[in-house]
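Q: Take a look at the following structure, please.
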Amino acid sequence: SDKRLMLLFAVVAAQLLWLAWNYVDRTRELANAPGLLIDCTDYDPRDLFRGDYVSLSVTQSVPLDKAGRSIHWDADFCKRVNTHYEWDSDKKEHKEHPVVNPLSERAPQMPDSLALQDNRDTPVAVFWRKDAEGIYHVARFEKPGSAADAAAADETRCNMWMSVRSWTRRREDGQWEADISVRLSFFSQTWKNLRFYVEEGTGDLRRIWMNELGEKWDEFPATRIRRTVDVAIRENAAPVPRMLYLNGVPYPEAVEQIRNRTFKWLDAPVETNAR
């Protein structure tokens with residue numbers, strides 16, 4: 001029985017050592033992984049098993065001119081985005097209205113170029129550049145594995161998913177214009193967000209504002225908080241948020257500053273291209 005007990009202790013100890021090693025290894029990997037500090041939006045759900053977390057949307061909406069040399073679009077694509085279709089109930093058919101800002105065809109610039117398609121999630125290589133404030137912005141996106149899939153000295157590369165969104169809107173003069181953008185997400189399911197776990201009870205800033213500070217719910221100055229997240233980029237694994245910042249202050253510290261009324265709000269509402 002003593003041998004069995006020692007064997008049981010040995011098995012349990014081995015499992016604990018394995019878990020500890022995995023934790024240390026993952027921590028070291030995240031600490032050493034290249035990162036992106038990018039704008040984000042958030043909302044506050046709750047995990048019944050793991051506690052409070054902030055759900056971060058880091059989906060980027062960028063103009064079509066961010067498409068790199070390995071991206072092209074053909075005449076059929078242009079036809080779809082350059083036409084507004086209106087249903088004629090009398091004739092039981094669609095009327096076609098050309099837009100006033102038509103997109104021109106872009107011929108392939110290299111043999112392995114990727115053709116854009118409407119509303120289809122496609123993997124792409126995204127290249128980011130850092131601005132003077134240390135925030136990263138999309139510089140271009142390319143077809144993965146193409147000749148253009150190489151980062152310049154001032155660029156950081158990561159794998160993302162691309163989907164093209166196009167729609168038309170009527171102007172005041174009655175003419176139609178097209179609006180085309182490219183949505184870039186870390187996940188093929190664009191609704192999926194990053195989870196940043198926080199101290200219990202600190203996930204919802206509005207509740208702190210109302211319950212702890214006694215302020216009115218609708219007077220919370222949410223538009224004067226710029227949210228940025230440091231995302232660890234890993235080659236063959238999902239990105240992980242390392243820290244969430246509110247106006248440049250780490251989230252735990254920012255929460256305490258809000259509670260102490262020492263948090264510095266922005267002077268003007270902030271705009272973000274996330275979501």
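Within each chain, counting starts at residue 1; across the structure tokens, chains are named A, B, ... in the order shown, with ligands numbered 1 upward in that order.
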Find the residues of segment 88-160 of chain A that sit at most 7 Å from segment 175-193 of chain A; for each, write down the nearest two atoms and how far apart they are in Å, to one decimal. Count only C-alpha atoms. Sort by chain, then by number going up, and give it as a tab-separated table.
A:
residue	atom	partner	partner_atom	distance
A:Val99	CA	A:Glu177	CA	4.6
A:Val100	CA	A:Glu177	CA	5.4
A:Asn101	CA	A:Glu177	CA	5.8
A:Asp121	CA	A:Ser188	CA	6.5
A:Met160	CA	A:Phe186	CA	4.7
Q: Would you save the residues from that selection as an mmCIF file, in the first residue's frame, using C-alpha atoms?
A:
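Output file result.cif follows:
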data_model
loop_
_atom_site.group_PDB
_atom_site.id
_atom_site.type_symbol
_atom_site.label_atom_id
_atom_site.label_comp_id
_atom_site.auth_asym_id
_atom_site.auth_seq_id
_atom_site.Cartn_x
_atom_site.Cartn_y
_atom_site.Cartn_z
ATOM 1 C CA VAL A 99 -23.377 55.045 -59.170
ATOM 2 C CA VAL A 100 -21.654 58.411 -59.549
ATOM 3 C CA ASN A 101 -18.346 57.125 -58.148
ATOM 4 C CA ASP A 121 -14.308 35.508 -45.714
ATOM 5 C CA MET A 160 -6.308 37.805 -40.509
#
Q: Considering only C-alpha atoms, return as a PDB file with N, CA, C and O atoms, in the first residue's frame whatever protein or nucleic-acid residues lie within 10 Å of Arg261 of chain A, sequence-local ones (same chain, fewer than 6 positions apart) excluded.
A:
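Result file selection-v6.pdb:
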ATOM      1  N   TRP A 209     -19.419  53.628 -12.238  1.00  0.00           N
ATOM      2  CA  TRP A 209     -19.795  55.039 -12.338  1.00  0.00           C
ATOM      3  C   TRP A 209     -21.103  55.317 -11.588  1.00  0.00           C
ATOM      4  O   TRP A 209     -21.221  56.310 -10.877  1.00  0.00           O
ATOM      5  N   LEU A 213     -19.925  55.549  -7.563  1.00  0.00           N
ATOM      6  CA  LEU A 213     -19.699  56.998  -7.549  1.00  0.00           C
ATOM      7  C   LEU A 213     -21.002  57.789  -7.434  1.00  0.00           C
ATOM      8  O   LEU A 213     -20.963  59.002  -7.249  1.00  0.00           O
ATOM      9  N   VAL A 255      -9.263  51.687 -13.582  1.00  0.00           N
ATOM     10  CA  VAL A 255     -10.458  51.446 -12.764  1.00  0.00           C
ATOM     11  C   VAL A 255     -10.295  52.113 -11.401  1.00  0.00           C
ATOM     12  O   VAL A 255     -11.223  52.773 -10.896  1.00  0.00           O
TER      13      VAL A 255
END
Q: Can you pull out every residue within 12 Å of Val231 of chain A, counting only C-alpha atoms, but drop anything in the same chain fewer than 3 positions away, and send it as a ChimeraX atom specification?
A: /A:30-40,56-58,135-136,158,186,194-196,228,234,238-245
Q: Pull the helix (DSSP H, G or I) assignments for segment 104-247 of chain A out of DSSP run on the backbone, and list those residues as a PyMOL selection string.
A: chain A and resi 205-212+217-219+222-224
Q: Using atom CA of Lys66 of chain A and atom CA of Phe141 of chain A as the two end points, give the distance in Å to one decimal.
A: 6.4 Å
Q: Please provide as a list in words all residues within 7 Å of Thr83 of chain A, with the sequence filter that same-chain residues fewer than 4 positions apart are discarded (counting only C-alpha atoms).
A: Lys79, Glu96, His97, Pro98 and Val99 of chain A
Q: Would you save the residues from that selection as a short mmCIF file (atom, residue, chain, number, x, y, z; two decimals), in the first residue's frame, using C-alpha atoms?
A:
data_model
loop_
_atom_site.label_atom_id
_atom_site.label_comp_id
_atom_site.auth_asym_id
_atom_site.auth_seq_id
_atom_site.Cartn_x
_atom_site.Cartn_y
_atom_site.Cartn_z
CA LYS A 79 -20.33 45.71 -62.10
CA GLU A 96 -30.32 49.31 -62.56
CA HIS A 97 -28.96 52.68 -61.44
CA PRO A 98 -25.26 53.41 -62.03
CA VAL A 99 -23.38 55.05 -59.17
#
Q: Pick out the residues sitting within 10 Å of Asp218 of chain A, and hand them over as a PDB file with all heavy atoms, in the first residue's frame; count only C-alpha atoms, and ignore anything fewer than 4 positions along from it in its own chain.
A:
ATOM      1  N   ARG A 206     -19.630  51.461 -16.416  1.00  0.00           N
ATOM      2  CA  ARG A 206     -20.843  52.232 -16.143  1.00  0.00           C
ATOM      3  C   ARG A 206     -21.420  51.891 -14.763  1.00  0.00           C
ATOM      4  O   ARG A 206     -21.956  52.765 -14.071  1.00  0.00           O
ATOM      5  CB  ARG A 206     -21.889  51.968 -17.227  1.00  0.00           C
ATOM      6  CG  ARG A 206     -21.604  52.667 -18.549  1.00  0.00           C
ATOM      7  CD  ARG A 206     -22.723  52.427 -19.537  1.00  0.00           C
ATOM      8  NE  ARG A 206     -22.449  53.017 -20.827  1.00  0.00           N
ATOM      9  CZ  ARG A 206     -22.775  54.263 -21.177  1.00  0.00           C
ATOM     10  NH1 ARG A 206     -23.380  55.045 -20.301  1.00  0.00           N
ATOM     11  NH2 ARG A 206     -22.498  54.722 -22.373  1.00  0.00           N
ATOM     12  N   MET A 210     -22.048  54.410 -11.729  1.00  0.00           N
ATOM     13  CA  MET A 210     -23.365  54.628 -11.128  1.00  0.00           C
ATOM     14  C   MET A 210     -23.424  54.144  -9.679  1.00  0.00           C
ATOM     15  O   MET A 210     -23.816  54.890  -8.772  1.00  0.00           O
ATOM     16  CB  MET A 210     -24.436  53.911 -11.961  1.00  0.00           C
ATOM     17  CG  MET A 210     -25.860  54.116 -11.439  1.00  0.00           C
ATOM     18  SD  MET A 210     -27.101  53.288 -12.448  1.00  0.00           S
ATOM     19  CE  MET A 210     -26.672  51.571 -12.112  1.00  0.00           C
ATOM     20  N   ALA A 222     -18.532  57.861 -22.042  1.00  0.00           N
ATOM     21  CA  ALA A 222     -17.904  56.738 -22.738  1.00  0.00           C
ATOM     22  C   ALA A 222     -17.128  57.175 -23.970  1.00  0.00           C
ATOM     23  O   ALA A 222     -16.082  56.590 -24.295  1.00  0.00           O
ATOM     24  CB  ALA A 222     -18.975  55.726 -23.130  1.00  0.00           C
TER      25      ALA A 222
END
Q: Pick from A:Gly68, A:Gly214, A:Pro123, A:Gly203: nearest to Asp42 of chain A, with only C-alpha atoms counted?
A: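 Closest to Asp42 of chain A, using only C-alpha atoms: A:Gly203.
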Q: Give me, please, the distance in Å between atom CA of Asp112 of chain A and atom CA of Lys130 of chain A, quoted to one decimal.
A: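 Calculated distance between atom CA of Asp112 of chain A and atom CA of Lys130 of chain A is 28.6 Å.
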Q: Using backbone DSSP assignments, extract all strand (DSSP E or B) residues from segment 184-231 of chain A; output them as a PyMOL selection string.
A: chain A and resi 184-185+194-197+227-231
Q: How many Å lie between atom CA of Arg169 of chain A and atom CA of Val270 of chain A, rounded to one decimal?
A: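 We find that atom CA of Arg169 of chain A and atom CA of Val270 of chain A lie 25.8 Å from each other.
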Q: Which of these, A:Ala139, A:Leu246, A:Ile208, A:Ala237, has the shortest distance to Ala152 of chain A once you count only C-alpha atoms?
A: A:Ala139
